[in-house]
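**Q** Can you read through this structure? Questions will come right after.
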Amino acid sequence: MKRVLVPTDFNVESTKIIDAIALHQGLEEITVIFLHAFKLSDSITDMLMLSRRSRDYEHINDEFSQKIDSYTAKYQNKIKGIGVEFFYGSTAAAFRNLIEGLQIDLVVYPQRYNFAPINKYSIDPKYLTARCGCEVLELDTDVIAKEQELFETKMQPEKVAKTISA
């Protein structure tokens, strides 16, 4: 089973990467972990107050959570779990420790990835993932979305037979 890390800003559009991951060749059983990175504050008060970290979960809106639940049901045979993690730090060594601790095999980005900070401490994870020593893969979410639309609009054989005989 592979563990995949996906940087996110918790926008519902960022969940489209799950389709791309699930349909990608070579990824059979996977666990997807959405990650947002924060630099540590310079304030000693902020560093001592751990309650700030629990506030970060407020950035995960209900629509994002519902979309994750629907993808879990849609790909239940392929995706064994979807989770959310926050990284606090800005060094490659600290990020490598996170990668090792979470047992990440692959980092996946959408091809047109645009970093969107969710607060003033958010940092672009591309700087960290480029130096983490883990394989990084970019997938095109637009092509996959268009392919799925084609599959969903395809007529069922029973309906085709009825249409031809009528």
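Order determines the names: the first chain of the structure tokens is A, the second B, and so forth; residues in each chain are numbered 1 upward, and ligands are numbered 1 upward as they are shown.
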Residues at most 6 Å from stretch 129-136 of chain A, counting only C-alpha atoms, excluding those fewer than 6 positions away in the same chain, as a list in words?
**A** Arg96, Leu106, Val107 and Val108 of chain A
**Q** Write the residues you've just listed into a file as a PDB file, in the first residue's frame, and include N, CA, C and O atoms for each of them.
**A**
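Once everything was written out, this is result_38.pdb:
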ATOM      1  N   ARG A  96      11.596  16.297   6.048  1.00  0.00           N
ATOM      2  CA  ARG A  96      11.988  14.889   5.824  1.00  0.00           C
ATOM      3  C   ARG A  96      11.565  14.025   7.002  1.00  0.00           C
ATOM      4  O   ARG A  96      11.139  12.890   6.832  1.00  0.00           O
ATOM      5  N   LEU A 106       5.067   8.985  -1.908  1.00  0.00           N
ATOM      6  CA  LEU A 106       4.917   9.806  -3.104  1.00  0.00           C
ATOM      7  C   LEU A 106       4.248  11.129  -2.740  1.00  0.00           C
ATOM      8  O   LEU A 106       3.329  11.158  -1.936  1.00  0.00           O
ATOM      9  N   VAL A 107       4.722  12.220  -3.355  1.00  0.00           N
ATOM     10  CA  VAL A 107       4.082  13.531  -3.214  1.00  0.00           C
ATOM     11  C   VAL A 107       3.428  13.842  -4.550  1.00  0.00           C
ATOM     12  O   VAL A 107       4.060  13.720  -5.597  1.00  0.00           O
ATOM     13  N   VAL A 108       2.148  14.224  -4.522  1.00  0.00           N
ATOM     14  CA  VAL A 108       1.403  14.469  -5.762  1.00  0.00           C
ATOM     15  C   VAL A 108       0.875  15.903  -5.784  1.00  0.00           C
ATOM     16  O   VAL A 108       0.277  16.362  -4.808  1.00  0.00           O
TER      17      VAL A 108
END
**Q** Can you list every residue of stretch 61-110 of chain A that has an atom at most 9 Å from stretch 22-27 of chain A, with its nearest atom pair and the distance in Å to one decimal, using only C-alpha atoms, ordered by chain then number, as JSON lines?
**A**
{"residue": "A:Tyr75", "atom": "CA", "partner": "A:Ala22", "partner_atom": "CA", "distance": 7.2}
{"residue": "A:Lys78", "atom": "CA", "partner": "A:Ala22", "partner_atom": "CA", "distance": 6.7}
{"residue": "A:Ile79", "atom": "CA", "partner": "A:Ala22", "partner_atom": "CA", "distance": 7.2}
**Q** So how many Å separate atom CA of A:Ala20 and atom CA of A:Asp140, to one decimal?
**A**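 Computed distance, atom CA of A:Ala20 to atom CA of A:Asp140, equals 7.0 Å.
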**Q** Env of A:Glu138: 6 Å cut, atoms = only C-alpha atoms, seq-sep filter 4 positions within chain, self excluded. Answer as a PDB file with N, CA, C and O atoms, in the first residue's frame.
**A**
ATOM      1  N   VAL A 108       2.148  14.224  -4.522  1.00  0.00           N
ATOM      2  CA  VAL A 108       1.403  14.469  -5.762  1.00  0.00           C
ATOM      3  C   VAL A 108       0.875  15.903  -5.784  1.00  0.00           C
ATOM      4  O   VAL A 108       0.277  16.362  -4.808  1.00  0.00           O
ATOM      5  N   TYR A 109       1.121  16.559  -6.914  1.00  0.00           N
ATOM      6  CA  TYR A 109       0.607  17.909  -7.165  1.00  0.00           C
ATOM      7  C   TYR A 109      -0.263  17.892  -8.416  1.00  0.00           C
ATOM      8  O   TYR A 109       0.015  17.131  -9.340  1.00  0.00           O
ATOM      9  N   PRO A 110      -1.259  18.784  -8.493  1.00  0.00           N
ATOM     10  CA  PRO A 110      -1.913  19.003  -9.789  1.00  0.00           C
ATOM     11  C   PRO A 110      -0.921  19.728 -10.703  1.00  0.00           C
ATOM     12  O   PRO A 110      -0.053  20.463 -10.221  1.00  0.00           O
ATOM     13  N   GLN A 111      -1.021  19.528 -12.019  1.00  0.00           N
ATOM     14  CA  GLN A 111      -0.075  20.172 -12.935  1.00  0.00           C
ATOM     15  C   GLN A 111      -0.090  21.683 -12.814  1.00  0.00           C
ATOM     16  O   GLN A 111       0.935  22.322 -12.901  1.00  0.00           O
TER      17      GLN A 111
END
**Q** Can you tell me how far atom CA of A:Thr8 sits from atom CA of A:Gln66, in Å to one decimal?
**A** 15.7 Å
**Q** What gap, in Å, lies between atom CA of A:Asp19 and atom CA of A:Asp56?
**A** 25.8 Å
**Q** Which residues, written as a ChimeraX atom specification, have at least one atom at most 6 Å from stretch 114-120 of chain A, with only C-alpha atoms counted and residues fewer than 2 positions away on the same chain left out?
**A** /A:9,122,124
**Q** Kindly indicate which residue among A:Glu63, A:Ile30, A:Leu5, A:Pro125 lies nearest to A:Gly81, using only C-alpha atoms for the distances.
**A**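 Smallest distance to A:Gly81 is found for A:Ile30.
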